[in-house]
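Notes for the one structure printed next.
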Amino acid sequence: MTEVHPETWQGRELTTLAGYHPGVAPLDEHNVKLLDNVHPIGWKPSASRRKRYNMVVLGAGAGGLVSAAGSAGVGAKVAIVEKHLMGGDCLNVGCVPSKAILRCAHVVREAKNAAEFGVDIPNVHVNFGKVMERMRTLRANFSPTDSCDRFQNKLGVDVFQGHGAFTSPSTVEVNGETLSFATAVIATGANARVPDTPGINAVPYLTNVSFWNQTQLPERLLVMGSGPIGLELAQAMALFGSQVTVIERGNRIMGREDPDAAAVVHKQMERDGVHFMLNTTIDEFKLGTGDTVAAHVTQRGIKSLVVSDALLVAVGRVPHVEGIGLEAAGVQYDLNKGIKVKDSLQTTAKHIFAVGDCCTMYKFTHAADFMARAVIRNALFFGSAKMSELVIPRATFTEPEVAAVGKSEAELLEEEVTFEVVKLEMVEVDRAVLDGATEGAPVC
C-alpha cells in the first residue's frame, strides 16, 4: 500500500511506501527546518572525500550515528550512507515525537484529575493541532545534533545521501559511486510490520512512522496490536478525545511483560477511555463511507463490525535487510530475525558488523547505542566486547509505566531457575500515596 501525501518540498514529491519512510508532512516551518538538517536538498559529500575508508556505515539511525561519530572521533576515516532521514527512528518517528505527545497527554490527565488536589478546572479542551505542532517544533529543534552538516563539517564523517548497497565484501555503492572499506557496519534498522490481513491494502492506515503527520484528531481510532507502540499511542489519543479501540489476538495486553503489571495498565487505560477487544482476530478490512475503515472481526466465535476514522497498525517491526546487497557481501540474514551476528556483533563476513534493530530482538535506541560502542572496539581495535555482556532495560511509557530488566518470571520458570519474588504495593510507598499514584507494584 502507498500512503500518498500530496505536498511537495522544493519540487520533491513526498510519497513513499507505507511502513518504511512516508513523506514528512505538513510542510510547515518546523518540518522544513527538520528536513533542512536531516535530508537537505542538493546535499553533496565532501569534495575531498576518500575512495577508501576504515569504516563505511550503512544507515544513520542511533546505531549508525554512534558507530560513525565514535570511529571518526578516534581517528578513523568514516563514511555514512543514509537514504532518508539522518537520526533514524528515534529523532524522526520514535523516541522524540512520542515522548513529546505523551507529555501533553500527561497534562490532560492531570487537568482532568485536578479536583482531587483542590484545583478546579471546569472544562479541559485539547487542541490536537497544537499538540502536534509542539511535537514538530521540538523535533526540529533537536535535529541539528543528527544533521548532515554536523556529521560532515564538524565530526569529519563523509555523509552520503542516497540508497546504499553492498556490491562486494569490501565495497558499497551509493549514487553510482563506489566506496571501498576495511570494515563496515550495517545499521539499517527495522520497518513497521504490516500483516497480510485481507483488505488491508484497500484501506488507509497509519504506522508508527506516518502517525506523526496527522494534524486533526480522528473521532474514532482503531489500534491493531497491544505492544508498547500501540498502547502508548492509544492511551494518549484517548486522553486527547478520540474513541479508541485496541484489538489484540491474545487474551491479555503487553504479552511480553509481567501479567500483574499488564493488568494494572489495562485497568488504567480503560479508565482513560480505551476499549479493548481481546481474543479477537480481524478477518477483513473494507473501505467504509467517507474513507472510514470497516474491520470485520471475530471475538470468541462472535462476528462483529468495528468502524473507525483512522487505523493504526502496531503489530511489531521487521528488520530492514532486503535490497542492500547482503548477498554480494556474504552476509547471512533471515527476513524475520534479521542479520545473523556473533556475540561480537560480527556478521558472517568477518570484517562486516551489524548493530541495532536490523540484527537484534532488543529494538531500543539505547541498545543500538551500546551495540555500536562495542563494534567500535571490536572493528577498529581488535576488542572483545560481547553483546551478551549487555544488561538491557526496557520501558513502556504508558500511565503507569512498565519497566523491566533481565529475564521475566515466566522465562525463569521455563528455565527451571530458582528465584524469589519481592513485591511492594505502591499504597505502602509514602511518596506514591502523596502523589495520588498508588496503582501498581514494583516487583523484584
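Identifiers in the C-alpha cells: chain A, B, ... in order shown; residue index from 1 per chain; ligand index from 1 in order shown.
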
Close residues, Ala187 (chain A) itself excluded, 12 Å, only C-alpha atoms, min 5 positions apart in chain, as a ChimeraX atom specification: /A:56-68,80-82,87-89,164,319-321,324,338-339,345,352-360,363,365,368-369,371-372,375

With region 26-38 of chain A as the partner and 9 Å as the cut-off, tabulate the residues of region 61-128 of chain A that qualify, each row holding the nearest pair of atoms and their distance in Å to one decimal, using only C-alpha atoms, sorted by chain and rising number, as a Markdown table.
```
| residue | atom | partner | partner_atom | distance |
| --- | --- | --- | --- | --- |
| A:His84 | CA | A:Val38 | CA | 8.2 |
| A:Leu85 | CA | A:Val38 | CA | 5.2 |
| A:Met86 | CA | A:Val38 | CA | 4.6 |
| A:Gly87 | CA | A:Val38 | CA | 7.1 |
| A:Asn92 | CA | A:Leu34 | CA | 8.8 |
```

Residues of region 234-341 of chain A that have any atom at most 8 Å from an atom of region 380-404 of chain A: could you tabulate them with the shortest-distance atom pair and the distance in Å to one decimal, using only C-alpha atoms, ordered by chain and increasing number, as a Markdown table?
```
| residue | atom | partner | partner_atom | distance |
| --- | --- | --- | --- | --- |
| A:Gln235 | CA | A:Thr398 | CA | 7.1 |
| A:Glu257 | CA | A:Ala404 | CA | 7.9 |
| A:Ala261 | CA | A:Val402 | CA | 6.8 |
| A:Val264 | CA | A:Pro400 | CA | 7.8 |
| A:Val265 | CA | A:Pro400 | CA | 6.2 |
| A:Gln268 | CA | A:Glu399 | CA | 7.2 |
| A:Met269 | CA | A:Glu399 | CA | 7.8 |
```

Which of region 104-216 of chain A DSSP labels strand (DSSP E), written as number ranges by chain: A: 158-161, 164-168, 171-174, 177-186, 190-192

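Neighbours of Ser170 (chain A) closer than or equal to 7 Å, with only C-alpha atoms counted and sequence neighbours fewer than 3 positions away skipped, come out as Ser180, Phe181 and Ala182 of chain A.
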
Who sits within 8 Å of Leu287 (chain A), only C-alpha atoms, same chain under 3 positions skipped, as a list in words: Ala202, Val203, Asp291, Thr292, Val293 and Ala294 of chain A

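Here CA of Ala47 (chain A) stands at a distance of 16.5 Å from CA of Gly162 (chain A).
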
Residue nearest Leu179 (chain A) among A:Met55, A:Ala114, A:Ala69, A:Ile200 (counting only C-alpha atoms): A:Met55

Those of region 402-440 of chain A in DSSP helix (DSSP H, G or I), formatted as a PyMOL selection string: chain A and resi 409-414+426-428+430-435

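If you count only C-alpha atoms and ignore residues fewer than 5 places along the chain from Glu327 (chain A), what sits within 10 Å of it is A:Phe166, A:Thr167, A:Ser168, A:Pro169, A:Glu322, A:Gln332, A:Tyr333.
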
Could you save the residues just selected, with N, CA, C and O atoms, as a PDB file, in the first residue's frame?
```pdb
ATOM      1  N   PHE A 166      25.708  -3.056  -0.781  1.00  0.00           N
ATOM      2  CA  PHE A 166      26.985  -3.738  -0.985  1.00  0.00           C
ATOM      3  C   PHE A 166      27.045  -4.278  -2.415  1.00  0.00           C
ATOM      4  O   PHE A 166      26.062  -4.819  -2.935  1.00  0.00           O
ATOM      5  N   THR A 167      28.196  -4.134  -3.035  1.00  0.00           N
ATOM      6  CA  THR A 167      28.424  -4.723  -4.358  1.00  0.00           C
ATOM      7  C   THR A 167      29.492  -5.811  -4.300  1.00  0.00           C
ATOM      8  O   THR A 167      29.710  -6.518  -5.284  1.00  0.00           O
ATOM      9  N   SER A 168      30.136  -5.942  -3.145  1.00  0.00           N
ATOM     10  CA  SER A 168      31.129  -6.991  -2.907  1.00  0.00           C
ATOM     11  C   SER A 168      31.391  -7.009  -1.404  1.00  0.00           C
ATOM     12  O   SER A 168      30.876  -6.161  -0.670  1.00  0.00           O
ATOM     13  N   PRO A 169      32.202  -7.947  -0.930  1.00  0.00           N
ATOM     14  CA  PRO A 169      32.508  -7.963   0.506  1.00  0.00           C
ATOM     15  C   PRO A 169      33.313  -6.759   0.995  1.00  0.00           C
ATOM     16  O   PRO A 169      33.505  -6.605   2.205  1.00  0.00           O
ATOM     17  N   GLU A 322      16.470  -6.307   3.196  1.00  0.00           N
ATOM     18  CA  GLU A 322      16.370  -6.570   1.761  1.00  0.00           C
ATOM     19  C   GLU A 322      16.810  -5.348   0.959  1.00  0.00           C
ATOM     20  O   GLU A 322      16.681  -4.209   1.399  1.00  0.00           O
ATOM     21  N   GLN A 332      24.852 -13.298   5.897  1.00  0.00           N
ATOM     22  CA  GLN A 332      23.649 -14.114   6.016  1.00  0.00           C
ATOM     23  C   GLN A 332      22.602 -13.393   6.858  1.00  0.00           C
ATOM     24  O   GLN A 332      22.931 -12.681   7.812  1.00  0.00           O
ATOM     25  N   TYR A 333      21.334 -13.623   6.506  1.00  0.00           N
ATOM     26  CA  TYR A 333      20.261 -12.957   7.228  1.00  0.00           C
ATOM     27  C   TYR A 333      18.979 -13.761   7.123  1.00  0.00           C
ATOM     28  O   TYR A 333      18.830 -14.660   6.278  1.00  0.00           O
TER      29      TYR A 333
END
```

Å distance separating CA of Gly227 (chain A) from CA of Asp283 (chain A), one decimal place: 20.2 Å

Point-to-point distance from CA of Ala72 (chain A) to CA of Phe370 (chain A), Å rounded to tenths: 16.6 Å

Test item: residues at most 10 Å from Arg134 (chain A), only C-alpha atoms, excluding those fewer than 2 positions along its chain, as a VMD selection string: chain A and resid 30 97 100 to 101 104 128 to 132 136 to 140

Suppose we keep N, CA, C and O atoms; can you now write the selection as a PDB file, in the first residue's frame?
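Output below, filename selection-v8.pdb:
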```
ATOM      1  N   HIS A  30       8.459  24.129  10.797  1.00  0.00           N
ATOM      2  CA  HIS A  30       9.157  23.189  11.667  1.00  0.00           C
ATOM      3  C   HIS A  30       9.659  21.982  10.883  1.00  0.00           C
ATOM      4  O   HIS A  30      10.812  21.550  11.053  1.00  0.00           O
ATOM      5  N   PRO A  97       9.308  12.272  18.959  1.00  0.00           N
ATOM      6  CA  PRO A  97       7.904  12.667  18.800  1.00  0.00           C
ATOM      7  C   PRO A  97       6.955  11.977  19.775  1.00  0.00           C
ATOM      8  O   PRO A  97       6.000  12.598  20.255  1.00  0.00           O
ATOM      9  N   ALA A 100       7.110  13.572  23.174  1.00  0.00           N
ATOM     10  CA  ALA A 100       6.536  14.924  23.128  1.00  0.00           C
ATOM     11  C   ALA A 100       5.029  14.889  23.308  1.00  0.00           C
ATOM     12  O   ALA A 100       4.462  15.670  24.081  1.00  0.00           O
ATOM     13  N   ILE A 101       4.366  13.967  22.612  1.00  0.00           N
ATOM     14  CA  ILE A 101       2.899  13.951  22.757  1.00  0.00           C
ATOM     15  C   ILE A 101       2.469  13.242  24.039  1.00  0.00           C
ATOM     16  O   ILE A 101       1.411  13.563  24.596  1.00  0.00           O
ATOM     17  N   CYS A 104       2.088  15.779  26.635  1.00  0.00           N
ATOM     18  CA  CYS A 104       0.819  16.503  26.509  1.00  0.00           C
ATOM     19  C   CYS A 104      -0.335  15.682  27.082  1.00  0.00           C
ATOM     20  O   CYS A 104      -1.220  16.214  27.753  1.00  0.00           O
ATOM     21  N   PHE A 128      -5.631  19.451  19.387  1.00  0.00           N
ATOM     22  CA  PHE A 128      -4.735  18.426  18.847  1.00  0.00           C
ATOM     23  C   PHE A 128      -3.749  19.020  17.844  1.00  0.00           C
ATOM     24  O   PHE A 128      -2.587  18.599  17.792  1.00  0.00           O
ATOM     25  N   GLY A 129      -4.174  19.985  17.083  1.00  0.00           N
ATOM     26  CA  GLY A 129      -3.273  20.634  16.140  1.00  0.00           C
ATOM     27  C   GLY A 129      -2.081  21.261  16.841  1.00  0.00           C
ATOM     28  O   GLY A 129      -0.941  21.171  16.373  1.00  0.00           O
ATOM     29  N   LYS A 130      -2.338  21.888  18.002  1.00  0.00           N
ATOM     30  CA  LYS A 130      -1.246  22.494  18.772  1.00  0.00           C
ATOM     31  C   LYS A 130      -0.347  21.430  19.398  1.00  0.00           C
ATOM     32  O   LYS A 130       0.867  21.616  19.500  1.00  0.00           O
ATOM     33  N   VAL A 131      -0.949  20.324  19.823  1.00  0.00           N
ATOM     34  CA  VAL A 131      -0.163  19.226  20.378  1.00  0.00           C
ATOM     35  C   VAL A 131       0.852  18.748  19.348  1.00  0.00           C
ATOM     36  O   VAL A 131       2.043  18.572  19.641  1.00  0.00           O
ATOM     37  N   MET A 132       0.382  18.541  18.117  1.00  0.00           N
ATOM     38  CA  MET A 132       1.264  18.031  17.077  1.00  0.00           C
ATOM     39  C   MET A 132       2.264  19.091  16.605  1.00  0.00           C
ATOM     40  O   MET A 132       3.400  18.771  16.249  1.00  0.00           O
ATOM     41  N   ARG A 136       6.344  18.863  16.490  1.00  0.00           N
ATOM     42  CA  ARG A 136       7.177  19.183  15.319  1.00  0.00           C
ATOM     43  C   ARG A 136       8.225  20.233  15.647  1.00  0.00           C
ATOM     44  O   ARG A 136       9.358  20.182  15.149  1.00  0.00           O
ATOM     45  N   THR A 137       7.861  21.181  16.486  1.00  0.00           N
ATOM     46  CA  THR A 137       8.803  22.228  16.891  1.00  0.00           C
ATOM     47  C   THR A 137       9.987  21.628  17.651  1.00  0.00           C
ATOM     48  O   THR A 137      11.159  21.923  17.356  1.00  0.00           O
ATOM     49  N   LEU A 138       9.681  20.782  18.630  1.00  0.00           N
ATOM     50  CA  LEU A 138      10.734  20.177  19.441  1.00  0.00           C
ATOM     51  C   LEU A 138      11.609  19.251  18.606  1.00  0.00           C
ATOM     52  O   LEU A 138      12.842  19.245  18.751  1.00  0.00           O
ATOM     53  N   ARG A 139      10.986  18.484  17.739  1.00  0.00           N
ATOM     54  CA  ARG A 139      11.749  17.576  16.883  1.00  0.00           C
ATOM     55  C   ARG A 139      12.713  18.350  15.994  1.00  0.00           C
ATOM     56  O   ARG A 139      13.881  17.969  15.844  1.00  0.00           O
ATOM     57  N   ALA A 140      12.237  19.422  15.409  1.00  0.00           N
ATOM     58  CA  ALA A 140      13.094  20.244  14.562  1.00  0.00           C
ATOM     59  C   ALA A 140      14.238  20.864  15.363  1.00  0.00           C
ATOM     60  O   ALA A 140      15.377  20.966  14.878  1.00  0.00           O
TER      61      ALA A 140
END
```
